[in-house]
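K.L.:
I am sharing structure.cif, which consists of mmCIF, C-alpha atoms:
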```cif
data_final
loop_
_atom_site.label_atom_id
_atom_site.label_comp_id
_atom_site.auth_asym_id
_atom_site.auth_seq_id
_atom_site.Cartn_x
_atom_site.Cartn_y
_atom_site.Cartn_z
CA MET A 1 32.13 81.15 226.92
CA ALA A 2 31.72 77.38 227.39
CA VAL A 3 34.71 75.06 227.03
CA GLN A 4 33.23 73.49 223.89
CA ASP A 5 32.63 76.89 222.29
CA ARG A 6 36.19 77.96 222.96
CA LEU A 7 37.58 74.79 221.39
CA ASP A 8 35.26 75.11 218.38
CA ASP A 9 36.32 78.71 217.94
CA LEU A 10 40.00 77.83 218.15
CA ARG A 11 39.76 74.92 215.69
CA THR A 12 37.69 76.74 213.07
CA ARG A 13 39.98 79.79 213.15
CA PHE A 14 42.70 77.64 211.54
CA LYS A 15 41.75 75.90 208.30
CA GLY A 16 44.16 73.01 208.71
CA CYS A 17 43.21 72.20 212.30
CA ASP A 18 41.24 68.95 212.64
CA ILE A 19 41.19 68.43 216.41
CA ALA A 20 41.33 70.77 219.40
CA ALA A 21 40.96 68.99 222.73
CA PHE A 22 41.29 69.82 226.41
CA GLY A 23 42.30 67.18 228.95
CA ASP A 24 43.94 66.15 232.19
CA LEU A 25 47.47 64.73 232.00
CA SER A 26 47.25 62.99 235.39
CA THR A 27 44.22 60.88 234.47
CA GLY A 28 44.89 60.77 230.72
CA LEU A 29 41.31 61.76 229.97
CA VAL A 30 40.02 64.32 227.51
CA PHE A 31 37.26 66.56 228.96
CA ALA A 32 36.11 68.22 225.75
CA ALA A 33 37.05 68.18 222.09
CA SER A 34 36.23 69.93 218.86
CA THR A 35 36.82 67.83 215.76
CA SER A 36 36.29 68.36 212.04
CA LYS A 37 35.24 64.69 211.65
CA LYS A 38 33.91 62.12 214.11
CA VAL A 39 36.76 60.91 216.35
CA GLU A 40 36.42 58.09 218.89
CA GLN A 41 36.89 58.98 222.55
CA GLU A 42 39.62 56.29 222.77
CA HIS A 43 41.60 58.13 220.12
CA LEU A 44 41.29 61.39 222.03
CA ASP A 45 42.35 59.74 225.28
CA ALA A 46 45.34 58.20 223.49
CA LEU A 47 46.27 61.73 222.44
CA CYS A 48 46.20 62.72 226.09
CA GLN A 49 48.48 59.80 227.01
CA GLN A 50 50.94 60.81 224.31
CA ALA A 51 50.86 64.36 225.62
CA LYS A 52 51.87 63.08 229.04
CA GLU A 53 54.82 61.19 227.55
CA HIS A 54 55.99 64.15 225.52
CA LEU A 55 55.50 66.83 228.16
CA CYS A 56 56.44 64.93 231.30
CA GLY A 57 58.72 62.13 230.03
CA GLN A 58 62.42 61.59 230.60
CA THR A 59 63.57 63.81 227.72
CA ALA A 60 61.22 66.60 228.72
CA GLN A 61 62.47 66.46 232.31
CA HIS A 62 66.09 66.55 231.21
CA LEU A 63 65.51 69.53 228.93
CA SER A 64 63.64 71.35 231.69
CA LYS A 65 66.50 70.94 234.10
CA GLN A 66 69.31 71.64 231.68
CA LEU A 67 67.98 74.01 229.08
CA PHE A 68 64.63 75.62 229.73
CA ASP A 69 64.63 78.47 232.23
CA ASN A 70 61.58 77.60 234.24
CA GLN A 71 62.84 74.27 235.68
CA ARG A 72 59.43 72.76 234.95
CA ALA A 73 58.24 70.43 232.25
CA PRO A 74 58.31 72.09 228.83
CA PHE A 75 55.38 74.25 228.06
CA GLY A 76 54.80 72.78 224.61
CA ALA A 77 55.70 69.85 222.40
CA ILE A 78 55.05 68.99 218.77
CA SER A 79 55.15 65.61 217.07
CA ILE A 80 55.39 65.58 213.30
CA VAL A 81 53.74 62.47 211.94
CA ARG A 82 53.21 61.88 208.22
CA GLY A 83 52.03 65.29 207.11
CA SER A 84 50.42 66.28 210.41
CA ALA A 85 51.61 68.20 213.44
CA ILE A 86 50.29 67.13 216.84
CA CYS A 87 50.74 70.01 219.26
CA TYR A 88 50.61 69.59 223.02
CA LEU A 89 50.39 72.57 225.35
CA LYS A 90 50.67 72.37 229.10
CA SER A 91 49.12 74.91 231.42
CA LEU A 92 51.61 77.08 233.28
CA GLU A 93 49.10 77.66 236.07
CA VAL A 94 47.69 74.18 236.69
CA ASP A 95 50.21 71.39 236.23
CA ASN A 96 47.96 68.70 234.81
CA GLU A 97 45.72 70.51 232.38
CA ALA A 98 46.67 70.53 228.75
CA LEU A 99 45.41 71.33 225.29
CA PHE A 100 46.04 69.19 222.21
CA LEU A 101 45.80 70.12 218.54
CA VAL A 102 46.07 68.04 215.40
CA CYS A 103 46.68 70.10 212.29
CA ASP A 104 48.25 69.87 208.87
CA LEU A 105 51.73 71.20 208.22
CA ALA A 106 50.43 74.19 206.26
CA THR A 107 48.97 75.56 209.51
CA PRO A 108 50.97 78.47 210.95
CA LEU A 109 52.31 76.68 214.00
CA VAL A 110 53.59 79.67 215.95
CA GLU A 111 50.27 81.44 215.47
CA ILE A 112 48.13 78.46 216.45
CA MET A 113 50.29 77.74 219.51
CA GLU A 114 49.86 81.36 220.63
CA ALA A 115 46.11 81.21 220.11
CA ALA A 116 45.93 77.89 221.94
CA THR A 117 47.95 79.29 224.85
CA ALA A 118 45.39 82.07 225.28
CA VAL A 119 42.51 79.56 225.17
CA LEU A 120 44.22 77.26 227.67
CA THR A 121 44.87 80.15 230.06
CA ASP A 122 41.21 81.16 229.88
CA LEU A 123 40.00 77.59 230.42
CA VAL A 124 42.22 77.09 233.46
CA ASN A 125 41.38 80.46 235.00
CA GLU A 126 37.67 79.91 234.57
CA ALA A 127 37.69 76.41 236.04
CA MET B 128 69.68 48.48 176.37
CA SER B 129 67.15 48.47 179.17
CA ASP B 130 63.81 46.68 178.76
CA GLY B 131 62.13 49.39 180.81
CA HIS B 132 60.06 52.16 179.31
CA SER B 133 61.95 55.29 178.32
CA ASP B 134 60.62 58.66 179.49
CA ASP B 135 59.29 59.33 175.99
CA GLU B 136 57.44 56.01 175.96
CA ARG B 137 55.84 56.82 179.31
CA ARG B 138 54.72 60.21 178.04
CA LEU B 139 53.24 58.63 174.92
CA ILE B 140 51.34 56.07 176.99
CA THR B 141 49.96 58.86 179.19
CA VAL B 142 48.84 60.88 176.18
CA LEU B 143 47.17 57.84 174.60
CA GLU B 144 45.36 57.09 177.85
CA GLN B 145 44.10 60.65 178.01
CA LEU B 146 42.72 60.50 174.47
CA GLY B 147 40.23 57.89 175.58
CA ARG B 148 38.92 59.97 178.45
CA GLU B 149 36.20 62.60 178.68
CA PRO B 150 37.65 66.12 178.58
CA ALA B 151 38.15 67.53 182.07
CA PRO B 152 35.50 70.08 183.07
CA CYS B 153 36.49 73.75 182.82
CA THR B 154 35.51 76.23 185.51
CA GLU B 155 36.32 79.83 186.29
CA ALA B 156 39.32 78.56 188.25
CA GLY B 157 40.62 76.64 185.24
CA ARG B 158 40.61 73.06 183.95
CA LEU B 159 40.11 70.45 186.64
CA ILE B 160 43.18 68.18 186.61
CA PHE B 161 42.74 66.48 189.98
CA GLU B 162 40.04 65.69 192.49
CA GLY B 163 40.29 63.33 195.46
CA ASP B 164 42.61 62.38 198.30
CA ASP B 165 45.65 61.03 196.52
CA GLY B 166 47.35 61.83 193.23
CA GLY B 167 47.46 65.62 193.16
CA LEU B 168 51.23 65.67 192.98
CA ALA B 169 51.28 63.19 190.10
CA ALA B 170 48.74 65.33 188.22
CA VAL B 171 50.83 68.48 188.65
CA LEU B 172 54.07 66.74 187.64
CA SER B 173 52.34 65.23 184.62
CA GLN B 174 51.23 68.68 183.43
CA ILE B 175 54.76 70.03 183.80
CA ASP B 176 56.16 67.02 181.97
CA GLN B 177 53.76 67.52 179.06
CA THR B 178 54.64 71.21 178.57
CA VAL B 179 57.16 71.73 175.79
CA LEU B 180 56.39 75.23 174.48
CA PRO B 181 56.85 78.15 176.90
CA ARG B 182 53.83 78.35 179.20
CA ARG B 183 52.86 79.85 182.53
CA LEU B 184 51.01 77.10 184.40
CA SER B 185 48.82 78.38 187.23
CA PHE B 186 47.68 75.59 189.54
CA CYS B 187 44.88 76.57 191.94
CA ASP B 188 43.36 74.48 194.74
CA GLY B 189 39.92 76.12 194.66
CA ASP B 190 40.48 77.62 198.12
CA GLY B 191 42.50 80.52 196.83
CA ARG B 192 45.94 78.93 197.09
CA SER B 193 47.91 78.81 193.89
CA LEU B 194 51.22 77.66 192.52
CA ILE B 195 52.46 79.45 189.42
CA CYS B 196 55.24 77.88 187.35
CA ASP B 197 56.90 79.10 184.17
CA VAL B 198 57.67 75.96 182.18
CA VAL B 199 59.45 75.29 178.89
CA GLU B 200 60.74 72.02 177.40
CA ARG B 201 59.37 70.11 180.41
CA ARG B 202 61.47 72.17 182.84
CA ILE B 203 60.29 74.62 185.49
CA MET B 204 62.27 77.77 184.91
CA LYS B 205 60.64 79.94 187.54
CA ILE B 206 58.14 79.51 190.31
CA ALA B 207 56.26 82.46 191.77
CA GLY B 208 57.79 83.53 195.07
CA ALA B 209 61.00 81.58 194.52
CA GLY B 210 63.21 84.26 192.93
CA ASN B 211 65.19 83.91 189.71
CA VAL B 212 65.67 81.07 187.24
CA LEU B 213 65.82 77.79 189.12
CA SER B 214 68.80 75.47 189.27
CA LYS B 215 69.23 71.83 190.29
CA GLU B 216 70.47 72.93 193.70
CA GLU B 217 66.96 74.16 194.40
CA ALA B 218 65.25 70.86 193.54
CA PHE B 219 64.86 69.92 197.18
CA ARG B 220 63.22 73.20 198.20
CA ILE B 221 60.91 73.29 195.17
CA SER B 222 59.88 69.64 195.58
CA GLN B 223 58.86 70.46 199.16
CA LYS B 224 56.85 73.42 197.94
CA LEU B 225 55.06 71.24 195.36
CA GLU B 226 54.39 68.50 197.93
CA ARG B 227 52.95 70.92 200.46
CA PHE B 228 50.66 72.51 197.90
CA CYS B 229 49.42 69.17 196.55
CA ASP B 230 49.05 67.46 199.95
CA ALA B 231 46.71 70.21 201.15
CA ALA B 232 44.62 70.25 197.95
CA SER B 233 41.53 68.12 197.37
CA VAL B 234 41.02 69.64 193.92
CA ILE B 235 43.50 71.23 191.55
CA TYR B 236 42.61 73.44 188.58
CA LEU B 237 45.03 74.48 185.87
CA ARG B 238 45.19 77.63 183.77
CA SER B 239 47.80 77.86 181.04
CA GLU B 240 48.98 80.94 179.19
CA ILE B 241 51.57 81.39 176.46
CA LEU B 242 54.92 82.96 177.32
CA SER B 243 56.87 84.43 174.44
CA ASP B 244 60.20 85.32 176.01
CA MET B 245 61.35 82.19 177.77
CA HIS B 246 63.96 79.70 176.57
CA SER B 247 65.69 76.65 177.99
CA SER B 248 69.32 75.69 177.52
CA GLY B 249 68.81 72.26 179.06
CA ASP B 250 71.02 72.88 182.07
CA ILE B 251 68.90 75.48 183.78
CA GLY B 252 65.50 74.99 185.33
CA LEU B 253 64.17 71.86 186.99
CA SER B 254 62.81 68.76 185.29
CA THR B 255 60.29 66.46 186.95
CA ALA B 256 63.12 63.90 187.19
CA ASP B 257 65.14 66.39 189.26
CA LEU B 258 62.17 66.88 191.56
CA LYS B 259 61.23 63.22 191.89
CA LEU B 260 64.58 62.49 193.53
CA HIS B 261 63.27 64.44 196.50
CA LEU B 262 59.64 63.40 196.54
CA ALA B 263 58.37 60.97 199.14
CA ASP B 264 57.15 58.17 196.88
CA ARG B 265 60.48 57.88 195.05
CA ARG B 266 62.78 57.70 198.02
CA THR B 267 65.50 55.15 198.39
CA ALA B 268 67.80 54.80 201.39
CA ALA B 269 70.34 56.91 199.52
CA ASP B 270 67.72 59.58 198.85
CA VAL B 271 66.76 59.66 202.54
CA SER B 272 70.39 59.97 203.50
CA ALA B 273 70.84 62.84 201.02
CA LEU B 274 67.70 64.53 202.38
CA ILE B 275 69.01 64.30 205.93
CA GLU B 276 72.30 65.87 204.92
CA ALA B 277 70.46 68.63 203.05
CA SER B 278 68.20 69.26 206.06
CA LEU B 279 71.20 69.37 208.38
CA SER B 280 72.90 71.82 206.08
CA GLN B 281 69.79 74.06 205.96
CA SER B 282 69.42 73.87 209.74
CA GLU B 283 72.85 75.38 210.26
CA SER B 284 71.47 78.78 209.22
CA TYR B 285 69.11 79.00 212.22
CA ALA B 286 70.30 76.40 214.73
CA LEU B 287 72.03 77.43 217.95
CA ALA B 288 73.47 73.94 218.34
CA ILE B 289 73.36 70.65 216.43
CA VAL B 290 74.43 67.22 217.61
CA ASP B 291 74.28 64.31 215.17
CA HIS B 292 74.85 61.00 216.93
CA HIS B 293 75.36 57.69 215.09
CA ALA B 294 74.87 54.22 216.54
CA ASP B 295 78.55 53.41 215.97
CA GLY B 296 79.35 56.05 218.56
CA SER B 297 80.52 58.73 216.16
CA MET B 298 79.16 62.18 216.79
CA HIS B 299 79.23 65.48 214.92
CA GLN B 300 78.43 68.69 216.67
CA ASN B 301 78.18 72.31 215.68
CA GLY B 302 77.21 75.49 217.52
CA GLN B 303 77.32 76.80 221.08
CA SER B 304 79.40 74.49 223.25
CA ARG B 305 77.13 74.66 226.33
CA LEU B 306 74.11 73.68 224.27
CA CYS B 307 76.04 70.93 222.49
CA GLU B 308 76.99 69.52 225.87
CA ILE B 309 73.32 69.36 226.93
CA LEU B 310 72.42 67.69 223.65
CA ARG B 311 75.23 65.15 223.98
CA GLU B 312 73.76 64.04 227.29
CA MET B 313 70.50 63.38 225.46
CA CYS B 314 72.21 60.90 223.16
CA ALA B 315 72.52 58.21 225.82
CA PRO B 316 69.84 55.64 224.88
CA SER B 317 66.84 55.75 227.20
CA ALA B 318 63.42 54.13 227.27
CA GLY B 319 61.64 57.45 227.17
CA GLU B 320 62.94 58.58 223.83
CA PRO B 321 60.90 58.14 220.68
CA GLU B 322 62.55 55.79 218.20
CA ALA B 323 62.20 55.56 214.45
CA ASP B 324 59.11 53.50 213.69
CA GLN B 325 59.24 49.89 212.59
CA GLN B 326 59.20 50.79 208.89
CA GLY B 327 62.30 52.89 209.53
CA SER B 328 60.48 56.19 209.12
CA PRO B 329 62.09 58.92 211.15
CA THR B 330 60.20 60.32 214.13
CA HIS B 331 60.27 64.03 214.84
CA GLN B 332 59.65 65.61 218.18
CA ILE B 333 59.95 69.25 219.24
CA TRP B 334 59.96 70.58 222.81
CA ILE B 335 59.30 74.23 223.52
CA GLY B 336 60.20 76.11 226.70
CA SER B 337 57.74 78.37 228.46
CA PRO B 338 56.83 81.75 226.92
CA GLY B 339 59.77 84.05 227.42
CA ASP B 340 62.25 81.18 227.42
CA GLY B 341 62.65 81.36 223.68
CA HIS B 342 64.35 77.99 223.15
CA ALA B 343 63.04 74.94 221.37
CA VAL B 344 64.63 71.55 220.75
CA LEU B 345 64.10 69.23 217.78
CA HIS B 346 64.87 65.52 218.01
CA VAL B 347 64.90 63.50 214.79
CA SER B 348 65.16 59.80 215.49
CA LEU B 349 66.20 57.40 212.74
CA ILE B 350 67.33 53.81 212.92
CA GLY B 351 70.91 54.07 214.17
CA ARG B 352 70.98 57.84 214.31
CA HIS B 353 69.73 60.66 216.53
CA ILE B 354 69.84 64.32 215.53
CA TRP B 355 69.29 67.02 218.15
CA ILE B 356 68.94 70.70 217.30
CA VAL B 357 68.42 73.69 219.60
CA PHE B 358 66.87 76.72 217.94
CA GLU B 359 64.91 79.84 218.83
CA VAL B 360 61.13 79.44 218.94
CA GLU B 361 60.72 82.13 216.30
CA ASN B 362 62.32 79.68 213.85
CA LEU B 363 59.80 76.93 214.63
CA GLU B 364 58.09 76.98 211.24
CA ARG B 365 61.43 77.13 209.46
CA CYS B 366 62.57 74.09 211.41
CA VAL B 367 59.38 72.15 210.65
CA GLU B 368 59.67 73.07 206.97
CA THR B 369 63.26 71.85 206.91
CA TRP B 370 62.52 68.46 208.45
CA ALA B 371 58.84 67.61 207.88
CA HIS B 372 59.45 65.99 204.49
CA LEU B 373 61.24 63.17 206.30
CA ALA B 374 58.26 62.37 208.54
#
```
If you convert what's in this file into structure tokens, what do you get?
P.N.:
Amino acid sequence: MAVQDRLDDLRTRFKGCDIAAFGDLSTGLVFAASTSKKVEQEHLDALCQQAKEHLCGQTAQHLSKQLFDNQRAPFGAISIVRGSAICYLKSLEVDNEALFLVCDLATPLVEIMEAATAVLTDLVNEA
Amino acid sequence: MSDGHSDDERRLITVLEQLGREPAPCTEAGRLIFEGDDGGLAAVLSQIDQTVLPRRLSFCDGDGRSLICDVVERRIMKIAGAGNVLSKEEAFRISQKLERFCDAASVIYLRSEILSDMHSSGDIGLSTADLKLHLADRRTAADVSALIEASLSQSESYALAIVDHHADGSMHQNGQSRLCEILREMCAPSAGEPEADQQGSPTHQIWIGSPGDGHAVLHVSLIGRHIWIVFEVENLERCVETWAHLA
């Protein structure tokens, strides 16, 4: 299945999900995105930059060393911003590849993070 | 005596305004009381506030989600899925439930049916005034502070560790000592941490360990205050529900 199809499938499976995007944390660029409304590329790339801050920043590094078992950057992060949850997921296989989701707070977050993990694993393995 | 409108005056003004309007269309889902992006919550609260005789009000969003309230004398006595007769202590939880339902709805329909066996004594149930204390558009600094304390209190039921750090250097901690120690180290100010935004709105950030790790960390950043909570990933939605109303 193509990257775009996988992202479309993931986003439409969850009613409250508006954006599902796949990008590279090292360059801060989004490769592909599925959105419920038109979203500018700059906005998507900004999402990627935020993901880098949240997943690789100072706090994330500290938590990885002190709390999380794997001694790597956290696998996931969520920002809650005015009624929306922005979820960032980092690949466990390839350090820089990540998936981003923007969804409303009624979305089952554990479920969507699990589904997104499966999609991210497939995308990385197929690359 | 205050020059402001009393609650009864406000209700009268609302009723008079409605008399001049076209009747709302009725559908299979009920009478349309709201359509659009903003104002669903006000429409629902208004219906509750106008209900004096015992009624079951069924609000439906047209997508199959519904909120069913038993109302008498302008007070919600019961809400489907929320157990027994409501009390003021539950105003926070119920206001969140109402907000979530209304925020996700672009249309709201109402069905009303008569209830014969419900009474109010005035000190049970929840009035719209009780709820408004907890709703976003009515918040004062004191309300926000009360909400934070309520959220902290709720978090104690699932948190493994909580550290609440104030700008004056005071710190409260609760839970496993090793985890509290890690969280205390996080309280040193650093450029990488998200801060409350310029309007003073709290920022919320959650970090999740890799699958199998099982831990997650919430950071709530307010002006002059940082709250850190470690919890198990399985409680993620509970944690978001507890804190999202502050975002």
K.L.:
May I have a table of the residues of chain A lying at most 9 Å from chain B, giving each one's closest pair of atoms and their distance in Å to one decimal, counting only C-alpha atoms, ordered by chain and ascending residue number, as JSON lines?
P.N.:
```
{"residue": "A:Gly16", "atom": "CA", "partner": "B:Ala231", "partner_atom": "CA", "distance": 8.5}
{"residue": "A:Glu53", "atom": "CA", "partner": "B:Gly319", "partner_atom": "CA", "distance": 7.8}
{"residue": "A:His54", "atom": "CA", "partner": "B:Trp334", "partner_atom": "CA", "distance": 8.0}
{"residue": "A:Leu55", "atom": "CA", "partner": "B:Trp334", "partner_atom": "CA", "distance": 7.9}
{"residue": "A:Gly57", "atom": "CA", "partner": "B:Gly319", "partner_atom": "CA", "distance": 6.2}
{"residue": "A:Gln58", "atom": "CA", "partner": "B:Gly319", "partner_atom": "CA", "distance": 5.4}
{"residue": "A:Thr59", "atom": "CA", "partner": "B:Glu320", "partner_atom": "CA", "distance": 6.5}
{"residue": "A:Ala60", "atom": "CA", "partner": "B:Trp334", "partner_atom": "CA", "distance": 7.2}
{"residue": "A:His62", "atom": "CA", "partner": "B:Met313", "partner_atom": "CA", "distance": 7.9}
{"residue": "A:Leu63", "atom": "CA", "partner": "B:Ile309", "partner_atom": "CA", "distance": 8.1}
{"residue": "A:Ser64", "atom": "CA", "partner": "B:Gly336", "partner_atom": "CA", "distance": 7.7}
{"residue": "A:Gln66", "atom": "CA", "partner": "B:Ile309", "partner_atom": "CA", "distance": 6.6}
{"residue": "A:Leu67", "atom": "CA", "partner": "B:Ile309", "partner_atom": "CA", "distance": 7.4}
{"residue": "A:Phe68", "atom": "CA", "partner": "B:Gly336", "partner_atom": "CA", "distance": 5.4}
{"residue": "A:Asp69", "atom": "CA", "partner": "B:Asp340", "partner_atom": "CA", "distance": 6.0}
{"residue": "A:Asn70", "atom": "CA", "partner": "B:Ser337", "partner_atom": "CA", "distance": 7.0}
{"residue": "A:Arg72", "atom": "CA", "partner": "B:Ser337", "partner_atom": "CA", "distance": 8.7}
{"residue": "A:Ala73", "atom": "CA", "partner": "B:Gly336", "partner_atom": "CA", "distance": 8.2}
{"residue": "A:Pro74", "atom": "CA", "partner": "B:Gly336", "partner_atom": "CA", "distance": 4.9}
{"residue": "A:Phe75", "atom": "CA", "partner": "B:Ser337", "partner_atom": "CA", "distance": 4.8}
{"residue": "A:Gly76", "atom": "CA", "partner": "B:Ile335", "partner_atom": "CA", "distance": 4.9}
{"residue": "A:Ala77", "atom": "CA", "partner": "B:Trp334", "partner_atom": "CA", "distance": 4.3}
{"residue": "A:Ile78", "atom": "CA", "partner": "B:Ile333", "partner_atom": "CA", "distance": 4.9}
{"residue": "A:Ser79", "atom": "CA", "partner": "B:Gln332", "partner_atom": "CA", "distance": 4.6}
{"residue": "A:Ile80", "atom": "CA", "partner": "B:His331", "partner_atom": "CA", "distance": 5.3}
{"residue": "A:Val81", "atom": "CA", "partner": "B:Ala374", "partner_atom": "CA", "distance": 5.7}
{"residue": "A:Arg82", "atom": "CA", "partner": "B:Ala374", "partner_atom": "CA", "distance": 5.1}
{"residue": "A:Gly83", "atom": "CA", "partner": "B:Ala374", "partner_atom": "CA", "distance": 7.0}
{"residue": "A:Ser84", "atom": "CA", "partner": "B:Ala371", "partner_atom": "CA", "distance": 8.9}
{"residue": "A:Leu92", "atom": "CA", "partner": "B:Ser337", "partner_atom": "CA", "distance": 7.9}
{"residue": "A:Asp104", "atom": "CA", "partner": "B:Ala231", "partner_atom": "CA", "distance": 7.9}
{"residue": "A:Leu105", "atom": "CA", "partner": "B:Arg227", "partner_atom": "CA", "distance": 7.9}
{"residue": "A:Ala106", "atom": "CA", "partner": "B:Arg227", "partner_atom": "CA", "distance": 7.1}
{"residue": "A:Pro108", "atom": "CA", "partner": "B:Glu364", "partner_atom": "CA", "distance": 7.3}
{"residue": "A:Leu109", "atom": "CA", "partner": "B:Glu364", "partner_atom": "CA", "distance": 6.4}
{"residue": "A:Val110", "atom": "CA", "partner": "B:Leu363", "partner_atom": "CA", "distance": 6.9}
```
K.L.:
Contacts of His292 in chain B at 10 Å or less, counting only C-alpha atoms, minus same-chain residues fewer than 5 places along, as an NGL selection string?
P.N.:
:B and (297-300 or 310-311 or 313-315 or 348 or 351-355)
K.L.:
Output C-alpha atoms for every residue in the selection just made, as a short mmCIF file (atom, residue, chain, number, x, y, z; two decimals), in the coordinates of the input.
P.N.:
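Output contents, as saved in result-v5.cif:
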```cif
data_model
loop_
_atom_site.label_atom_id
_atom_site.label_comp_id
_atom_site.auth_asym_id
_atom_site.auth_seq_id
_atom_site.Cartn_x
_atom_site.Cartn_y
_atom_site.Cartn_z
CA SER B 297 80.52 58.73 216.16
CA MET B 298 79.16 62.18 216.79
CA HIS B 299 79.23 65.48 214.92
CA GLN B 300 78.43 68.69 216.67
CA LEU B 310 72.42 67.69 223.65
CA ARG B 311 75.23 65.15 223.98
CA MET B 313 70.50 63.38 225.46
CA CYS B 314 72.21 60.90 223.16
CA ALA B 315 72.52 58.21 225.82
CA SER B 348 65.16 59.80 215.49
CA GLY B 351 70.91 54.07 214.17
CA ARG B 352 70.98 57.84 214.31
CA HIS B 353 69.73 60.66 216.53
CA ILE B 354 69.84 64.32 215.53
CA TRP B 355 69.29 67.02 218.15
#
```
K.L.:
Taking all listed atoms of range 336-339 of chain B, build the axis-aligned box, pad each of the six sides by 5 Å, then write its centre and edge lengths in Å to one decimal as JSON.
P.N.:
```
{"center_x": 58.5, "center_y": 80.1, "center_z": 227.6, "size_x": 13.4, "size_y": 17.9, "size_z": 11.8}
```
K.L.:
List as a list in words the protein and nucleic acid residues near Ser282 in chain B, meaning an atom at most 9 Å away when all atoms listed in the file are counted, but skip any in the same chain fewer than 2 places from it.
P.N.:
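Those residues are Ala277, Ser278, Leu279, Ser280, Ser284, Tyr285, Ala286, Ile289, Ile356, Arg365, Cys366, Thr369 and Trp370 of chain B.
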K.L.:
For the residues in that selection, give me C-alpha atoms as a JSON list (two decimals), in the frame of the given file.
P.N.:
```json
[["chain", "number", "residue", "atom", "x", "y", "z"],
["B", 277, "ALA", "CA", 70.46, 68.63, 203.05],
["B", 278, "SER", "CA", 68.20, 69.26, 206.06],
["B", 279, "LEU", "CA", 71.20, 69.37, 208.38],
["B", 280, "SER", "CA", 72.90, 71.82, 206.08],
["B", 284, "SER", "CA", 71.47, 78.78, 209.22],
["B", 285, "TYR", "CA", 69.11, 79.00, 212.22],
["B", 286, "ALA", "CA", 70.30, 76.40, 214.73],
["B", 289, "ILE", "CA", 73.36, 70.65, 216.43],
["B", 356, "ILE", "CA", 68.94, 70.70, 217.30],
["B", 365, "ARG", "CA", 61.43, 77.13, 209.46],
["B", 366, "CYS", "CA", 62.57, 74.09, 211.41],
["B", 369, "THR", "CA", 63.26, 71.85, 206.91],
["B", 370, "TRP", "CA", 62.52, 68.46, 208.45]]
```
K.L.:
Measuring between only C-alpha atoms, which one of B:Phe219, B:Asp190, B:Met245, B:Gln177 shows the shortest distance to Val271 in chain B?
P.N.:
B:Phe219
K.L.:
What is the distance, in Å and to one decimal place, between CA of Ala20 in chain A and CA of Ala2 in chain A?
P.N.:
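Atom-to-atom, CA of Ala20 in chain A and CA of Ala2 in chain A are spaced 14.1 Å apart.
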K.L.:
Would you kindly translate the PyMOL selection byres ((chain B and resi 195) around 8) into the concrete residues it picks from this file, as a list in words?
P.N.:
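Checking the PyMOL selection byres ((chain B and resi 195) around 8) against this file, the residues are Arg183, Leu184, Ser185, Phe186, Ser193, Leu194, Cys196, Asp197, Ile206 and Ala207 of chain B.
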K.L.:
Could you tell me how far CA of Lys205 in chain B sits from CA of Thr255 in chain B, in Å to one decimal place?
P.N.:
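Interatomic distance here is 13.5 Å.
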K.L.:
With a distance cut-off of 12 Å and all atoms listed in the file, select the neighbouring residues of Ala115 in chain A, excluding the residue or stretch itself and same-chain residues fewer than 2 positions from it, and output the selection as a list in words.
P.N.:
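My list of contacting residues is Arg6, Leu7, Asp9, Leu10, Arg11, Thr12, Arg13, Phe14, Ala20, Leu89, Leu99, Leu101, Pro108, Leu109, Val110, Glu111, Ile112, Met113, Thr117, Ala118, Val119, Leu120, Thr121 and Asp122 of chain A.
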K.L.:
From the list A:Val3, A:Val102, A:Val94, A:Val39, which residue is nearest Phe22 in chain A when using only C-alpha atoms?
P.N.:
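Among A:Val3, A:Val102, A:Val94, A:Val39, it is A:Val3 that comes nearest to Phe22 in chain A.
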K.L.:
Counting only C-alpha atoms, which residue out of B:Tyr236, B:Ile160, B:Leu258, B:Ile350 sits closest to Ile203 in chain B?
P.N.:
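For Ile203 in chain B, the nearest of the candidates is B:Leu258.
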K.L.:
CA of Glu240 in chain B and CA of Arg158 in chain B, how far apart in Å?
P.N.:
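Straight-line distance from CA of Arg158 in chain B to CA of Glu240 in chain B works out to 12.4 Å.
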K.L.:
When distances are computed from all atoms listed in the file, which of A:Leu29, A:Cys103, A:Ala21, A:Cys87 shows the smallest separation from Glu42 in chain A?
P.N.:
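The closest residue to Glu42 in chain A is A:Leu29.
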K.L.:
I need the residue set behind the PyMOL selection byres ((chain A and resi 35-37) around 7) for this file; please write it as a VMD selection string.
P.N.:
chain A and resid 18 to 20 33 to 34 38 to 39
K.L.:
Would you mind listing what lies within 12 Å of Val234 in chain B as a list in words, with all atoms listed in the file counted and same-chain residues fewer than 4 positions away left out?
P.N.:
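Near neighbours after the sequence-gap exclusion: Ala156, Gly157, Arg158, Leu159, Ile160, Phe161, Glu162, Gly163, Asp164, Asp165, Gly166, Gly167, Leu168, Ala170, Val171, Phe186, Cys187, Asp188, Gly189, Asp190, Gly191, Arg192, Ser193, Phe228, Cys229 and Asp230 of chain B.
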